[in-house]
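Notes to accompany the following structure.
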Protein chains: 2
Amino acid sequence: MKIIDILFGRPLATWEERAEKIGAAKGIPIFGLDALSSAAYGPEAALALLIPLGMAGVHFVLPITIAILALLTILYFSYRQTIAAYPNGGGSYTVAGENLGPVLGLLAGSALMVDYVLEVAVGIAAGVGALVSALPKLQPHTLALCLGILAILTLMNLRGARSTGAVFMAPTFLFIVCLLTVIGWGVVKVILSGGHPHPVVAPLQLGHATEVLSLWVLLKAFSSGCTAMTGVEAVSNGVAAFKEPRDKSAQLTLTIIIVLLGILLLGIAFLVSAYHIGAADPSVSGYQSVLSQLTAAVGGRGVFYYVTIASILVVLSLSANTGFADFPRLCHNIARDRYLPFLFTLRGRRLIYSSGVYVLAVLAALLLIAFRGVTDRLIPLFAIGAFLAFTLSQAGMVQHWRRTRGKGWRFSMAVNGIGALATGITVCVVLATKFMSGAWITAIVIPLIILLMLAVHRHYRRVAREIAAREILDTGKLVQPIVVLPIPGWNRITAKALRFALSLSTDVYCVHVKNDEGEEPLEPLWKKNVADPLQQAGLPEPKLIQVESPTRRVLGPILDQIDVLEKDNPDRQLMVLLPELVENRWYYYLLHNQRAALLKAMLYLHGAQRIVVANVPWYLEPRQSDTEEPSN
Amino acid sequence: MKIIDILFGRPLATWEERAEKIGAAKGIPIFGLDALSSAAYGPEAALALLIPLGMAGVHFVLPITIAILALLTILYFSYRQTIAAYPNGGGSYTVAGENLGPVLGLLAGSALMVDYVLEVAVGIAAGVGALVSALPKLQPHTLALCLGILAILTLMNLRGARSTGAVFMAPTFLFIVCLLTVIGWGVVKVILSGGHPHPVVAPLQLGHATEVLSLWVLLKAFSSGCTAMTGVEAVSNGVAAFKEPRDKSAQLTLTIIIVLLGILLLGIAFLVSAYHIGAADPSVSGYQSVLSQLTAAVGGRGVFYYVTIASILVVLSLSANTGFADFPRLCHNIARDRYLPFLFTLRGRRLIYSSGVYVLAVLAALLLIAFRGVTDRLIPLFAIGAFLAFTLSQAGMVQHWRRTRGKGWRFSMAVNGIGALATGITVCVVLATKFMSGAWITAIVIPLIILLMLAVHRHYRRVAREIAAREILDTGKLVQPIVVLPIPGWNRITAKALRFALSLSTDVYCVHVKNDEGEEPLEPLWKKNVADPLQQAGLPEPKLIQVESPTRRVLGPILDQIDVLEKDNPDRQLMVLLPELVENRWYYYLLHNQRAALLKAMLYLHGAQRIVVANVPWYLEPRQSDTEEPSN
């Protein structure tokens, strides 16, 4: 157990939970990493779709970013209200489910589940992308690096939130400081140079325009850029994890995250325009990410460059952690409502919903393998789930205000209404522009998940209906069961089982299947060893049923006898005792027939409510020295 | 079951066995195929070792064959006596074991087991070799052809001896007639041509001599040629399968087989000399077997050639059948003496020792795969086992006569003594000449098998010592067991299990592990549904043990409670009842925790003699329409 303790930490008692509550300082790395790190791939994703416009495309980054920031502001106010209204955690699943009905709740839930898995995969893939930009030699190992980071993240998360918070704080703040430095430094240079800065290291050459400007191209760039907003809902989802007063702590955390994200996005967009930096095709050798080009252009490829790139790598990888923080919690919520297997509601040794962590790790690994760890291929699947959840959450909030009609409900409803409208439109834009390049996968997967969850729910309700009747114990007719004991012959194993059978009931039936291959007849042994001593003790003799089996089958005739006994005694329970030799080495099992196990399986499949099967084990004594054996 | 019936035939009752007894006409194909078909590879094996002598080598075939025939004659008389002395089947294992002690018996037995496996592999490989000679296009598919034939043979043998005999008779007699025709026709041609026949189709050119003549080369050729004698013991081994009078039927069969084999070997050797036919290297393209060259040389490549080659192919493949007839029987004999797993003593639906058939098929397949289906690579491993068994069997017979001292025992002893001496010398020769080229494998494998069989025997004796005491049933203190029932909560499954527990014993302990994750407390439910009604009925109330589990473990605390109860009641049996929901679809198991199964496994490993575990199953009713469900 020692190794497990070292890997996963000592088991935590349930009462230790309070200690795991977090404040804003820990809340930013845990719930904000994903949102903040989006700054590292959102602008890049938008620029990638502007490549066909050539040099001209770069200038559209700024207006697109401003549109995104407007949307972000709307979302911010919407989610502030959600946090206040749902201090126990107002994830989209809860908000939509409570206000719009369970099916729309499941729609939000499954959309988020898909998105969290993608978040993990995209985060890791983008982090490794940054690493590969800095060290091109590692490019062939992209997938292996992705999976390695995933494994480390999984292990850390199984240890629980406390340690994760501590691990993530330093790189998150380093990342923020580095990017803010690049932006500040860059902005100063731009101003000093009168708007025409000279890059220290020239960015990659932009290609020629291959397409003319169109609204469609701009909408596509906007859709991709919207990935920069994913993760914003994480705080509202995890309010329950915050220190009291929960809503205030959570709102403070959300404010800091959104402001930082806004500065980063705006700063990057501004500098990219000023330095004429465009996205590159990652499948072409010599690829560099936008942030890599930008940092080098502003500050050159010195120590600072490598520190910045390293912090981006670490933060992107860790951003996946938002998925790990939220996915298991979401699954737990859905499972608590019995739409997912019961297992997701159980907390492991470190108070973490371990099953959710495992499932997330496996799904993310499959996704990384399927898309070979390339961010660009994953991005189109992404964001649609997030924006669907945003929309449903905001729409749910509208319904919430309408129902509760608390103080200032009209204003609150308007805020969330604008949020719902804006994110709703974004969903349509994203779906339309990315449908062919991958969003169709998400559009198929989400309904499938909903169907699965409905089926799970149907099953649980059926079982609950059948078993959960709070019935009063029926105390009538508590008669001993009829005990059936198949005996292959007379030996100590049989004797032990028979004694046990006699201690349970006075109705014991021993079933013996005769084989006519020169076996010793059972009757004389039975009379001498069983019938006579029981008669002397004044105890009832068990019935010995002997069955012929011309085709040497053994189990069939026993099953037939049990059937007969069951039919003849419609109001009695039957207990089948199976004497069994338990070996102390697995390979000894090859030396004995496994009829007891087979008979048990057959009785199990037989499926009669009134039959109970028990093994009466005979454990071989530990092997003594073999010297006592008679020689041959 | 219909498909199984078609494949394997309907199940046979034990009393139908008598009908399976065979006479000489069926005995020749069943027990003689291997011996007779040896004529197809024995001479070839000898000639292969004479290749280095070039043209000169061919002339040594005749003297070598005469030496082999002398040995064959000695064996014939030896085995006639064995058949008479052991009318229930005088396999080498039985004869050596009864007369020379169990270890030498096992030596003979394991040697024969190895040889039977080789027989199957060599038979099939040689048959496919003949086919490949006729149709060189098939050469790349050698291994696949081998395995296909093995599969067909296995299936036929699982159907039982009766059908096998019928299937094998026609090709065996065709083979004998064809080869006798070739020999007769060839001998006539040789005589008519004054000893210098002109081949219709010229045989392959013989290479130049690369070695000088030496006794060593001749001994090697003799050793390889001795493979022609393998299979001779089959009749003595299977006497029990013959019609009454068994010994006469078996002796007649043996006589016919030996005479035919002698004629074939002598005829082939004579013609090979006369036509200057040598062995070819099978790895060189254009390879032709000796019999193929011989038949073409005598009769040309007409219809007769193809009929003959086809009959050789079929018979060699079927010769493997001797292995199938004898290996399972031998395993049964050894297992009856408890040196091999019990399973080998059971007869399947067609009265065949099916386990032996399966094991043989698997081992032969592995051998064919390892040696890629090439006869030449297998031959060196072969024969050593057979001759070891011959020697031990004859030596055993010597001891037998000495012990029984019946009429004419001195003469009988002398006959078997000569047999033992001759075969003993042959073993030494074979071992010495073939050791490096493969016999070492056999020399390692046989002792390993013996060690394994001794270990099996030791285990069986130990178990028998422990359990087989013919004890009289102890009728004292037949008290009800203490029943332990872990209950996760109160529902119909628990209620059913508790009712069952109360019907078994008045000492019922219900163990409930509390988890503090907002679960409903059990006490009020317990009082209302269990304690009160039992009190009213005047029945004893089961003890409710509630355990706290701060780290949310469930099984550990239950096991601890069981431990405590076991220690507190040293003279009582404990019965642990596990209420269990049995699902009607396997995938439903994902939806419920499998704690009952886990607890059961842990109790099993716990290994306490006084604990019996039973599942009380709750079967879900077949799913009704879902329309009755309340809508959301």
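Order determines the names: the first chain of the structure tokens is A, the second B, and so forth; residues in each chain are numbered 1 upward, and ligands are numbered 1 upward as they are shown.
Within 6 Å of chain B, and using only C-alpha atoms, the residues found on chain A are A:Leu12, A:Ala13, A:Thr14, A:Pro341, A:Ile467, A:Ala468, A:Arg470, A:Ile472, A:Leu473, A:Leu478, A:Val479, A:Gln480, A:Asn491, A:Arg492, A:Ser503, A:Leu504, A:Asn529, A:Val530, A:Pro550, A:Thr551, A:Leu591, A:Val612, A:Val613, A:Ala614, A:Val616.
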Print the selection's residues with C-alpha atoms to a file, as a compact mmCIF listing (two decimals), in the first residue's frame.
# COMPACT_ATOMS: atom_id res chain seq x y z
CA LEU A 12 -8.39 11.51 3.16
CA ALA A 13 -11.34 11.24 5.52
CA THR A 14 -14.55 12.89 4.42
CA PRO A 341 -23.47 5.41 -13.83
CA ILE A 467 -36.52 -2.71 -5.54
CA ALA A 468 -37.07 0.51 -3.67
CA ARG A 470 -40.02 0.62 1.42
CA ILE A 472 -42.12 -3.88 5.88
CA LEU A 473 -40.35 -7.17 6.47
CA LEU A 478 -39.93 -18.21 7.91
CA VAL A 479 -39.28 -21.86 7.09
CA GLN A 480 -35.89 -23.38 6.63
CA ASN A 491 -14.80 -37.74 1.42
CA ARG A 492 -13.95 -35.07 3.95
CA SER A 503 -27.00 -27.34 10.43
CA LEU A 504 -29.10 -25.23 8.08
CA ASN A 529 -20.94 -43.07 7.40
CA VAL A 530 -24.14 -41.04 7.16
CA PRO A 550 -25.77 -42.81 -19.70
CA THR A 551 -24.00 -40.09 -21.68
CA LEU A 591 -5.65 -30.63 -11.93
CA VAL A 612 -29.55 -19.37 -3.45
CA VAL A 613 -26.13 -20.84 -4.22
CA ALA A 614 -23.28 -21.14 -1.73
CA VAL A 616 -18.62 -24.56 0.95
Per-residue DSSP, stretch 292-523 of chain A, filtered to helix (DSSP H, G or I), as an MDAnalysis selection string: chainID A and resid 292:299 303:336 342:345 354:370 375:381 384:404 409:467 492:504 523
Who sits within 9 Å of stretch 409-424 of chain A, only C-alpha atoms, same chain under 3 positions skipped, as number ranges by chain: A: 71, 74-79, 81-82, 387-388, 390-402, 404-406, 427-429
Atoms to include: N, CA, C and O atoms. Write the selected residues as a compact mmCIF listing (two decimals), in the first residue's frame.
# COMPACT_ATOMS: atom_id res chain seq x y z
N LEU A 71 -18.18 40.37 -26.70
CA LEU A 71 -18.88 39.16 -26.29
C LEU A 71 -18.42 38.72 -24.90
O LEU A 71 -19.23 38.33 -24.05
N ILE A 74 -20.04 40.79 -22.20
CA ILE A 74 -21.42 40.35 -21.96
C ILE A 74 -21.42 39.09 -21.10
O ILE A 74 -22.17 38.97 -20.12
N LEU A 75 -20.56 38.14 -21.47
CA LEU A 75 -20.48 36.89 -20.72
C LEU A 75 -20.11 37.13 -19.27
O LEU A 75 -20.61 36.48 -18.36
N TYR A 76 -19.17 38.05 -19.07
CA TYR A 76 -18.71 38.34 -17.72
C TYR A 76 -19.89 38.74 -16.83
O TYR A 76 -20.10 38.16 -15.76
N PHE A 77 -20.68 39.71 -17.30
CA PHE A 77 -21.79 40.17 -16.47
C PHE A 77 -22.83 39.06 -16.28
O PHE A 77 -23.41 38.90 -15.22
N SER A 78 -23.05 38.31 -17.33
CA SER A 78 -23.99 37.19 -17.22
C SER A 78 -23.55 36.22 -16.13
O SER A 78 -24.33 35.81 -15.28
N TYR A 79 -22.28 35.87 -16.17
CA TYR A 79 -21.82 34.84 -15.25
C TYR A 79 -21.69 35.34 -13.82
O TYR A 79 -21.83 34.57 -12.87
N GLN A 81 -23.84 37.14 -12.45
CA GLN A 81 -25.19 36.92 -11.92
C GLN A 81 -25.45 35.45 -11.62
O GLN A 81 -26.10 35.11 -10.64
N THR A 82 -24.93 34.59 -12.49
CA THR A 82 -25.11 33.16 -12.28
C THR A 82 -24.47 32.72 -10.97
O THR A 82 -25.05 31.95 -10.20
N PHE A 387 -20.06 27.19 -26.42
CA PHE A 387 -21.04 28.24 -26.68
C PHE A 387 -22.48 27.73 -26.56
O PHE A 387 -23.38 28.47 -26.15
N LEU A 388 -22.68 26.46 -26.87
CA LEU A 388 -24.00 25.87 -26.65
C LEU A 388 -24.34 25.91 -25.16
O LEU A 388 -25.45 26.29 -24.76
N PHE A 390 -22.97 27.94 -22.91
CA PHE A 390 -23.17 29.36 -22.55
C PHE A 390 -24.62 29.76 -22.81
O PHE A 390 -25.29 30.32 -21.95
N THR A 391 -25.07 29.48 -24.03
CA THR A 391 -26.40 29.91 -24.44
C THR A 391 -27.47 29.32 -23.53
O THR A 391 -28.36 30.02 -23.04
N LEU A 392 -27.37 27.99 -23.30
CA LEU A 392 -28.39 27.34 -22.47
C LEU A 392 -28.36 27.86 -21.05
O LEU A 392 -29.40 28.05 -20.41
N SER A 393 -27.15 28.12 -20.56
CA SER A 393 -27.00 28.62 -19.21
C SER A 393 -27.65 30.00 -19.08
O SER A 393 -28.42 30.27 -18.16
N GLN A 394 -27.36 30.88 -20.04
CA GLN A 394 -27.93 32.22 -20.00
C GLN A 394 -29.45 32.17 -20.18
O GLN A 394 -30.19 32.85 -19.47
N ALA A 395 -29.91 31.33 -21.10
CA ALA A 395 -31.36 31.20 -21.30
C ALA A 395 -32.01 30.68 -20.03
O ALA A 395 -33.10 31.13 -19.64
N GLY A 396 -31.32 29.75 -19.36
CA GLY A 396 -31.84 29.25 -18.09
C GLY A 396 -31.93 30.36 -17.06
O GLY A 396 -32.91 30.45 -16.30
N MET A 397 -30.93 31.22 -17.05
CA MET A 397 -30.94 32.32 -16.10
C MET A 397 -32.11 33.28 -16.37
O MET A 397 -32.74 33.79 -15.44
N VAL A 398 -32.39 33.50 -17.66
CA VAL A 398 -33.53 34.35 -18.02
C VAL A 398 -34.80 33.77 -17.38
O VAL A 398 -35.56 34.47 -16.71
N GLN A 399 -34.95 32.47 -17.56
CA GLN A 399 -36.12 31.80 -16.99
C GLN A 399 -36.11 31.87 -15.47
O GLN A 399 -37.15 32.07 -14.83
N HIS A 400 -34.89 31.77 -14.90
CA HIS A 400 -34.72 31.84 -13.45
C HIS A 400 -35.26 33.17 -12.90
O HIS A 400 -36.03 33.20 -11.95
N TRP A 401 -34.84 34.29 -13.51
CA TRP A 401 -35.28 35.61 -13.04
C TRP A 401 -36.78 35.77 -13.21
O TRP A 401 -37.45 36.34 -12.35
N ARG A 402 -37.26 35.25 -14.32
CA ARG A 402 -38.68 35.36 -14.59
C ARG A 402 -39.49 34.63 -13.51
O ARG A 402 -40.57 35.06 -13.12
N THR A 404 -38.26 33.69 -10.29
CA THR A 404 -38.04 34.14 -8.90
C THR A 404 -38.51 35.58 -8.68
O THR A 404 -38.96 35.93 -7.61
N ARG A 405 -38.37 36.40 -9.68
CA ARG A 405 -38.79 37.81 -9.62
C ARG A 405 -38.31 38.51 -8.35
O ARG A 405 -39.06 39.17 -7.65
N GLY A 406 -37.01 38.33 -8.04
CA GLY A 406 -36.41 39.02 -6.89
C GLY A 406 -36.19 40.49 -7.22
O GLY A 406 -36.64 41.00 -8.25
N VAL A 427 -23.18 30.62 -31.47
CA VAL A 427 -23.32 29.18 -31.74
C VAL A 427 -23.65 28.96 -33.20
O VAL A 427 -23.03 28.13 -33.88
N CYS A 428 -24.64 29.74 -33.71
CA CYS A 428 -25.04 29.56 -35.11
C CYS A 428 -23.88 29.86 -36.05
O CYS A 428 -23.62 29.12 -37.01
N VAL A 429 -23.16 30.96 -35.76
CA VAL A 429 -22.03 31.32 -36.61
C VAL A 429 -20.96 30.23 -36.59
O VAL A 429 -20.46 29.78 -37.62
Residues flagged strand (DSSP E or B) by DSSP in stretch 386-581 of chain A, as JSON, numbers by chain: {"A": [482, 483, 484, 485, 486, 508, 509, 510, 511, 512, 513, 514, 543, 544, 545, 546, 547, 548, 574, 575, 576, 577, 578, 579, 580, 581]}
Contacts of B:Gly300 at 10 Å (only C-alpha atoms; same-chain gap of 6+ positions) as an MDAnalysis selection string: chainID B and resid 199:202 293:294 306
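Distance annotation: of A:Ala279, A:Val564, A:Ile309, A:Val117, the residue with the minimal separation from A:Ala361 is A:Val117; atom set is only C-alpha atoms.
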